[in-house]
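Q: mmCIF, C-alpha atoms and all ligand atoms, file start18.cif:
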```cif
data_structure
#
loop_
_atom_site.label_atom_id
_atom_site.label_comp_id
_atom_site.auth_asym_id
_atom_site.auth_seq_id
_atom_site.Cartn_x
_atom_site.Cartn_y
_atom_site.Cartn_z
CA MET Q 20 -39.10 -52.21 -1.55
CA ILE Q 21 -36.10 -51.20 0.58
CA ILE Q 22 -33.10 -49.47 -1.00
CA LEU Q 23 -29.94 -48.78 0.99
CA PHE Q 24 -27.33 -46.14 0.32
CA ALA Q 25 -24.26 -47.70 1.84
CA ASN Q 26 -20.46 -47.78 1.78
CA GLN Q 27 -18.08 -47.94 4.71
CA LYS Q 28 -16.05 -45.17 3.06
CA GLY Q 29 -17.07 -41.75 4.35
CA GLY Q 30 -17.83 -38.75 2.17
CA VAL Q 31 -18.55 -40.69 -1.03
CA GLY Q 32 -22.03 -39.21 -1.46
CA LYS Q 33 -24.38 -41.64 0.36
CA SER Q 34 -26.49 -38.90 1.94
CA THR Q 35 -26.32 -36.58 -1.06
CA LEU Q 36 -27.44 -39.28 -3.48
CA SER Q 37 -30.10 -40.56 -1.03
CA VAL Q 38 -31.70 -37.12 -1.17
CA LEU Q 39 -31.34 -36.71 -4.94
CA PHE Q 40 -32.62 -40.22 -5.67
CA SER Q 41 -35.63 -39.68 -3.38
CA ASN Q 42 -36.35 -36.37 -5.14
CA TYR Q 43 -36.00 -38.09 -8.50
CA LEU Q 44 -38.37 -40.96 -7.59
CA THR Q 45 -41.06 -38.57 -6.34
CA LEU Q 46 -40.70 -35.79 -8.93
CA ALA Q 47 -39.77 -37.70 -12.09
CA LYS Q 48 -41.40 -41.09 -11.40
CA ASN Q 49 -44.31 -40.12 -9.19
CA LYS Q 50 -43.41 -42.77 -6.61
CA ALA Q 51 -44.27 -42.70 -2.94
CA VAL Q 52 -41.02 -42.53 -0.99
CA LYS Q 53 -40.15 -42.75 2.67
CA VAL Q 54 -36.64 -41.92 3.85
CA TYR Q 55 -34.94 -43.27 6.97
CA ASP Q 56 -31.82 -41.50 8.17
CA MET Q 57 -29.85 -44.19 10.02
CA ASP Q 58 -26.68 -42.14 10.32
CA PHE Q 59 -26.19 -40.92 13.88
CA GLN Q 60 -25.00 -37.58 12.41
CA ARG Q 61 -28.60 -37.05 11.18
CA SER Q 62 -27.48 -34.82 8.31
CA LEU Q 63 -30.34 -35.90 6.08
CA TYR Q 64 -32.97 -35.64 8.81
CA ASN Q 65 -31.74 -32.17 9.75
CA LYS Q 66 -31.83 -31.09 6.12
CA ALA Q 67 -35.45 -32.21 5.86
CA GLN Q 68 -36.36 -30.43 9.10
CA ALA Q 69 -34.76 -27.22 7.85
CA ALA Q 70 -36.64 -27.54 4.55
CA GLU Q 71 -39.95 -27.82 6.40
CA VAL Q 72 -39.32 -24.45 7.97
CA ILE Q 73 -39.09 -22.76 4.56
CA GLU Q 74 -41.17 -25.04 2.35
CA ASN Q 75 -44.77 -26.00 3.02
CA THR Q 76 -45.19 -29.52 1.76
CA PRO Q 77 -42.34 -32.01 1.92
CA LEU Q 78 -42.06 -34.40 -1.06
CA TYR Q 79 -41.72 -37.37 1.31
CA PRO Q 80 -41.40 -38.04 5.03
CA VAL Q 81 -37.90 -38.29 6.48
CA GLU Q 82 -37.53 -40.16 9.76
CA ALA Q 83 -34.50 -40.43 12.01
CA ALA Q 84 -34.15 -44.14 12.78
CA GLU Q 85 -31.88 -46.59 14.60
CA LEU Q 86 -30.54 -49.81 13.09
CA SER Q 87 -32.53 -51.70 15.73
CA GLN Q 88 -35.74 -50.45 14.09
CA PHE Q 89 -34.98 -52.21 10.81
CA ASN Q 90 -37.30 -55.18 11.37
CA ALA Q 91 -40.23 -52.90 12.08
CA ILE Q 92 -39.34 -50.80 9.02
CA GLN Q 93 -39.23 -53.92 6.87
CA LYS Q 94 -42.64 -55.06 8.09
CA LYS Q 95 -44.07 -51.66 7.20
CA ALA Q 96 -42.39 -51.76 3.79
CA ASN Q 97 -43.85 -55.21 3.07
CA LYS Q 98 -47.33 -53.94 3.87
CA ASN Q 99 -46.92 -50.94 1.61
CA GLU Q 100 -45.62 -52.40 -1.62
CA ASN Q 101 -46.18 -49.25 -3.64
CA GLN Q 102 -43.74 -47.29 -1.53
CA VAL Q 103 -39.96 -47.16 -1.86
CA SER Q 104 -38.15 -47.00 1.47
CA ILE Q 105 -34.76 -45.34 1.18
CA ILE Q 106 -32.25 -45.87 3.98
CA ASP Q 107 -29.17 -43.65 4.35
CA LEU Q 108 -26.58 -45.57 6.37
CA ALA Q 109 -23.59 -44.29 8.30
CA GLY Q 110 -20.12 -45.05 6.97
CA LYS Q 111 -19.32 -47.64 9.62
CA MET Q 112 -19.54 -51.40 9.63
CA ASP Q 113 -18.79 -52.41 13.23
CA ASP Q 114 -22.35 -53.07 14.30
CA ASP Q 115 -24.06 -56.49 14.39
CA GLU Q 116 -27.38 -54.81 13.83
CA LEU Q 117 -26.30 -54.16 10.23
CA VAL Q 118 -26.56 -57.90 9.46
CA PRO Q 119 -30.36 -58.06 8.96
CA VAL Q 120 -30.22 -54.73 7.12
CA PHE Q 121 -27.85 -56.17 4.50
CA GLN Q 122 -29.69 -59.48 4.41
CA LYS Q 123 -33.17 -58.17 3.86
CA SER Q 124 -32.87 -55.02 1.77
CA ASP Q 125 -33.74 -55.31 -1.91
CA LEU Q 126 -31.01 -53.13 -3.38
CA ILE Q 127 -27.74 -51.64 -2.13
CA LEU Q 128 -26.64 -48.48 -3.91
CA CYS Q 129 -22.97 -47.91 -3.22
CA PRO Q 130 -21.42 -44.59 -4.24
CA PHE Q 131 -17.63 -44.53 -4.45
CA SER Q 132 -14.90 -42.51 -6.11
CA TYR Q 133 -12.07 -43.76 -8.29
CA ASP Q 134 -9.30 -42.72 -5.91
CA GLU Q 135 -7.17 -45.49 -4.42
CA TYR Q 136 -8.47 -45.41 -0.84
CA SER Q 137 -12.08 -45.19 -1.85
CA VAL Q 138 -11.70 -48.17 -4.19
CA SER Q 139 -9.96 -50.47 -1.70
CA SER Q 140 -12.43 -49.53 1.00
CA THR Q 141 -15.36 -50.14 -1.37
CA ILE Q 142 -14.03 -53.57 -2.35
CA GLU Q 143 -13.53 -54.50 1.30
CA PHE Q 144 -17.08 -53.33 2.04
CA SER Q 145 -18.50 -55.38 -0.85
CA PHE Q 146 -16.64 -58.44 0.31
CA VAL Q 147 -18.24 -58.16 3.75
CA ILE Q 148 -21.70 -57.60 2.27
CA LYS Q 149 -21.40 -60.71 0.08
CA LYS Q 150 -20.31 -62.72 3.12
CA ILE Q 151 -23.37 -61.55 5.02
CA ASN Q 152 -25.68 -61.97 2.04
CA PRO Q 153 -24.37 -63.76 -1.07
CA ASN Q 154 -27.53 -62.71 -2.94
CA ALA Q 155 -27.18 -59.00 -2.17
CA LYS Q 156 -27.79 -56.82 -5.22
CA ILE Q 157 -25.09 -54.15 -5.15
CA ILE Q 158 -25.03 -51.30 -7.65
CA PHE Q 159 -21.86 -49.19 -7.61
CA ILE Q 160 -22.18 -45.52 -8.51
CA PRO Q 161 -18.89 -43.79 -9.41
CA ASN Q 162 -19.24 -40.29 -7.92
CA ARG Q 163 -17.29 -37.02 -7.93
CA LEU Q 164 -15.49 -37.68 -11.20
CA ARG Q 165 -13.28 -34.73 -12.09
CA SER Q 166 -13.16 -33.91 -15.79
CA SER Q 167 -9.56 -32.69 -15.46
CA VAL Q 168 -8.31 -36.04 -14.13
CA LYS Q 169 -7.41 -39.05 -16.26
CA TYR Q 170 -8.46 -42.14 -14.31
CA GLU Q 171 -5.96 -44.72 -15.52
CA THR Q 172 -7.33 -47.50 -13.32
CA MET Q 173 -10.99 -46.96 -14.19
CA LYS Q 174 -11.33 -50.12 -16.29
CA SER Q 175 -9.56 -52.39 -13.81
CA VAL Q 176 -11.57 -50.94 -10.90
CA GLN Q 177 -14.81 -51.58 -12.80
CA ASP Q 178 -13.73 -55.15 -13.54
CA ALA Q 179 -12.97 -55.74 -9.85
CA LEU Q 180 -16.31 -54.30 -8.74
CA LYS Q 181 -18.20 -56.35 -11.32
CA ASN Q 182 -17.33 -59.42 -9.23
CA PHE Q 183 -19.75 -58.08 -6.66
CA GLY Q 184 -22.40 -56.22 -8.66
CA ALA Q 185 -23.14 -53.76 -11.45
CA VAL Q 186 -21.39 -50.43 -12.09
CA THR Q 187 -23.38 -47.46 -13.42
CA SER Q 188 -22.11 -44.57 -15.50
CA SER Q 189 -20.36 -41.83 -13.52
CA ILE Q 190 -21.57 -38.71 -11.73
CA THR Q 191 -19.21 -35.79 -12.12
CA GLU Q 192 -17.91 -33.44 -9.43
CA ARG Q 193 -20.07 -30.30 -9.42
CA ILE Q 194 -20.15 -27.49 -6.90
CA ASP Q 195 -23.99 -27.49 -7.07
CA PHE Q 196 -24.10 -30.76 -5.09
CA GLN Q 197 -23.25 -28.73 -2.00
CA ARG Q 198 -26.62 -26.99 -2.23
CA ILE Q 199 -29.06 -29.84 -2.68
CA THR Q 200 -32.37 -29.89 -0.80
CA THR Q 201 -35.11 -32.42 -0.04
CA TYR Q 202 -37.63 -30.57 -2.21
CA ASP Q 203 -36.12 -30.16 -5.68
CA ILE Q 204 -33.37 -31.15 -8.08
CA PRO Q 205 -31.32 -28.13 -9.18
CA SER Q 206 -31.70 -27.89 -12.97
CA ASN Q 207 -27.95 -27.84 -13.57
CA ILE Q 208 -27.42 -31.23 -11.96
CA ILE Q 209 -30.36 -33.05 -13.54
CA GLU Q 210 -28.25 -33.85 -16.62
CA VAL Q 211 -25.54 -35.33 -14.38
CA ILE Q 212 -27.72 -37.62 -12.27
CA GLU Q 213 -30.54 -38.51 -14.67
CA PRO Q 214 -28.71 -41.11 -16.80
CA VAL Q 215 -27.54 -42.93 -13.66
CA PHE Q 216 -30.86 -42.84 -11.82
CA GLU Q 217 -32.84 -43.65 -14.97
CA SER Q 218 -30.79 -46.80 -15.59
CA ILE Q 219 -31.19 -47.94 -11.97
CA TYR Q 220 -34.92 -47.25 -12.09
CA ASN Q 221 -35.48 -49.04 -15.40
CA GLU Q 222 -33.37 -52.03 -14.55
CA TYR Q 223 -34.08 -52.66 -10.88
CA ILE Q 224 -37.10 -50.73 -9.66
CA ASP Q 225 -39.63 -50.67 -12.49
CA PRO Q 226 -39.40 -54.43 -13.26
CA ALA Q 227 -39.80 -55.20 -9.55
CA TRP Q 228 -43.00 -53.20 -9.65
CA HIS Q 229 -44.37 -55.01 -12.68
CA LYS Q 230 -43.60 -58.31 -10.99
CA MET Q 231 -45.47 -57.25 -7.87
CA ILE Q 232 -48.48 -56.06 -9.84
CA THR Q 233 -48.69 -59.21 -11.96
CA CYS Q 234 -48.33 -61.41 -8.87
CA VAL Q 235 -51.45 -59.91 -7.26
N1 LIG L 301 -20.91 -35.24 -7.34
C1 LIG L 301 -20.52 -34.41 -6.37
N2 LIG L 301 -19.93 -33.23 -6.67
C2 LIG L 301 -19.52 -32.38 -5.71
N3 LIG L 301 -19.67 -32.61 -4.39
C3 LIG L 301 -20.25 -33.76 -4.03
C4 LIG L 301 -20.71 -34.72 -4.97
N4 LIG L 301 -21.25 -35.77 -4.29
C5 LIG L 301 -21.14 -35.46 -2.99
N5 LIG L 301 -20.53 -34.28 -2.82
C6 LIG L 301 -20.17 -33.61 -1.55
O1 LIG L 301 -19.35 -34.49 -0.81
C7 LIG L 301 -19.55 -34.33 0.57
C8 LIG L 301 -19.85 -35.68 1.19
O2 LIG L 301 -21.08 -36.15 0.70
P1 LIG L 301 -22.08 -36.97 1.62
O3 LIG L 301 -22.25 -36.32 2.92
O4 LIG L 301 -23.30 -37.22 0.79
O5 LIG L 301 -21.24 -38.32 1.78
P2 LIG L 301 -21.57 -39.54 2.74
O6 LIG L 301 -21.07 -40.75 2.02
O7 LIG L 301 -22.99 -39.52 3.14
O8 LIG L 301 -20.63 -39.22 3.99
P3 LIG L 301 -20.70 -39.88 5.47
O9 LIG L 301 -20.01 -41.20 5.35
O10 LIG L 301 -19.96 -38.90 6.32
O11 LIG L 301 -22.15 -40.03 5.82
C9 LIG L 301 -20.70 -33.33 0.72
O12 LIG L 301 -20.16 -32.07 1.01
C10 LIG L 301 -21.35 -33.33 -0.66
O13 LIG L 301 -21.92 -32.08 -0.96
MG MG L 302 -23.90 -39.52 5.05
#
```
Could I get this structure in the form of structure tokens?
Ligand SMILES: Nc1ncnc2c1ncn2[C@@H]1O[C@H](COP(=O)(O)OP(=O)(O)OP(=O)(O)O)[C@@H](O)[C@H]1O
Ligand SMILES: [Mg+2]
A:
Amino acid sequence: MIILFANQKGGVGKSTLSVLFSNYLTLAKNKAVKVYDMDFQRSLYNKAQAAEVIENTPLYPVEAAELSQFNAIQKKANKNENQVSIIDLAGKMDDDELVPVFQKSDLILCPFSYDEYSVSSTIEFSFVIKKINPNAKIIFIPNRLRSSVKYETMKSVQDALKNFGAVTSSITERIDFQRITTYDIPSNIIEVIEPVFESIYNEYIDPAWHKMITCV
């Protein structure tokens, strides 16, 4: 199974949630995970490398990969059905090599925030994805919600996004997200991410597993 973290909007939490979701799948769900950092900035790969210096055993391998390697990655993923492959994409869409990535991945997790620019950019992104792959399964994750702000447009934004996919409950803005690592989930952010990850797991990942097992 291949899961993408993608949105053309920068800074919405793609890399952060890739790490936390990978930690969650390994630590809370005992799943085998492999992470591919396809962002040329290599922030996730560098984080994993730094962690290996201090920690002994990584929870999962993190590879730096190019978009052109996607077909090979997909072949590997098909052979290893018990593993979840997580791909962290860069926030840019001007690359033809993204086409097979959006066509052949199983799930697209799309973090966004409720501010105006993030929403319009996210809708534009979703529109392109659906053009490339009308069957793409997109799950929108509202991120960085500030408790002091009243989001007047929340309902209308959700309605707009529901034309393209599902919208999860929100992840709040917390300073602790700045300190995440590839080897644990800080206890004070578990409560923030668990409801979101749990719903994605139960609805989209666990049933896919049962289907695979019963097909054998
Ligand atoms: N819920 C949150 N609360 C507080 N800070 C957050 C939260 N989610 C993400 N951040 C912070 O926002 C910044 C951007 O996050 P991140 O790098 O994951 O975004 P990105 O979508 O991968 O960006 P890019 O498009 O540049 O790859 C980081 O400093 C991260 O720590
Ligand atoms: Mg990133």
Q: Taking only C-alpha atoms and all ligand atoms into account, which residues have an atom no farther than 8 Å from ligand MG 302 (chain L)? I'd like them as a PyMOL selection string.
A: chain Q and resi 29-30+32-35+58+60+62-63+107-110
Q: Using only C-alpha atoms and all ligand atoms, find each residue of chain Q with at least one atom at most 10 Å away from an atom of ligand LIG 301 (chain L); report its shortest atom-to-atom pair and that distance in Å (one decimal), sort the rows by chain and rising residue number, and return the result as a tab-separated table.
A:
```
residue	atom	partner	partner_atom	distance
Q:Phe24	CA	L:LIG301	O7	8.4
Q:Ala25	CA	L:LIG301	O6	7.6
Q:Asn26	CA	L:LIG301	O6	7.1
Q:Gln27	CA	L:LIG301	O9	7.0
Q:Lys28	CA	L:LIG301	O9	6.1
Q:Gly29	CA	L:LIG301	O9	3.2
Q:Gly30	CA	L:LIG301	O8	3.4
Q:Val31	CA	L:LIG301	O6	4.0
Q:Gly32	CA	L:LIG301	O4	3.3
Q:Lys33	CA	L:LIG301	O7	3.8
Q:Ser34	CA	L:LIG301	O7	3.8
Q:Thr35	CA	L:LIG301	O4	3.6
Q:Leu36	CA	L:LIG301	O4	6.3
Q:Ser37	CA	L:LIG301	O4	7.8
Q:Val38	CA	L:LIG301	O4	8.6
Q:Leu39	CA	L:LIG301	O4	9.9
Q:Met57	CA	L:LIG301	O11	9.7
Q:Asp58	CA	L:LIG301	O11	6.7
Q:Phe59	CA	L:LIG301	O11	9.1
Q:Gln60	CA	L:LIG301	O11	7.6
Q:Arg61	CA	L:LIG301	O11	8.9
Q:Ser62	CA	L:LIG301	O3	7.7
Q:Leu63	CA	L:LIG301	O3	8.7
Q:Asp107	CA	L:LIG301	O7	7.5
Q:Leu108	CA	L:LIG301	O11	7.1
Q:Ala109	CA	L:LIG301	O11	5.1
Q:Gly110	CA	L:LIG301	O9	4.2
Q:Lys111	CA	L:LIG301	O9	7.8
Q:Cys129	CA	L:LIG301	O6	9.1
Q:Pro130	CA	L:LIG301	O6	7.4
Q:Phe131	CA	L:LIG301	O6	8.2
Q:Ser132	CA	L:LIG301	N4	9.4
Q:Pro161	CA	L:LIG301	N1	9.0
Q:Asn162	CA	L:LIG301	N1	5.4
Q:Arg163	CA	L:LIG301	N1	4.1
Q:Leu164	CA	L:LIG301	N1	7.1
Q:Arg165	CA	L:LIG301	N2	8.7
Q:Ser189	CA	L:LIG301	N1	9.1
Q:Ile190	CA	L:LIG301	N1	5.6
Q:Thr191	CA	L:LIG301	N1	5.1
Q:Glu192	CA	L:LIG301	N2	3.4
Q:Arg193	CA	L:LIG301	N2	4.0
Q:Ile194	CA	L:LIG301	C2	5.1
Q:Asp195	CA	L:LIG301	C2	6.8
Q:Phe196	CA	L:LIG301	N3	4.9
Q:Gln197	CA	L:LIG301	O13	3.8
Q:Arg198	CA	L:LIG301	O13	7.0
Q:Ile199	CA	L:LIG301	O13	7.7
Q:Ile208	CA	L:LIG301	N1	8.9
Q:Val211	CA	L:LIG301	N1	8.4
Q:Ile212	CA	L:LIG301	N1	8.7
```
Q: Name the closest residue to Val54 of chain Q among the candidates Q:Glu210, Q:Asp225, Q:Glu135, Q:Glu82; distances are taken between atoms, counting only C-alpha atoms.
A: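 Once distances to Val54 of chain Q are computed over only C-alpha atoms, the minimum belongs to Q:Glu82.
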Q: Which residues are near Val147 of chain Q? Cut-off 10 Å, only C-alpha atoms, ignore same chain within fewer than 6 positions. Put them as an NGL selection string.
A: :Q and (112 or 121 or 141 or 153)
Q: My list of candidates is Q:Thr201, Q:Ile160, Q:Pro226, Q:Phe89. Which is closest to Gln68 of chain Q when distances are computed with only C-alpha atoms?
A: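 The closest residue to Gln68 of chain Q is Q:Thr201.
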Q: Of the residues Q:Asp134, Q:Ser104, Q:Ala47, Q:Ile22, which is the one nearest to Ile209 of chain Q, using all atoms listed in the file?
A: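 Going through Q:Asp134, Q:Ser104, Q:Ala47, Q:Ile22 one by one, the smallest distance to Ile209 of chain Q is for Q:Ala47.
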Q: Could you jot down the atom CA of Ala91 of chain Q to atom CA of Asp125 of chain Q separation for me, Å, one decimal place?
A: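 Spanning atom CA of Ala91 of chain Q to atom CA of Asp125 of chain Q is a straight-line distance of 15.6 Å.
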Q: Using all atoms listed in the file, can you tell me which of Q:Val81, Q:Ile105, Q:Met20, Q:Leu117 comes closest to Tyr202 of chain Q?
A: Q:Val81
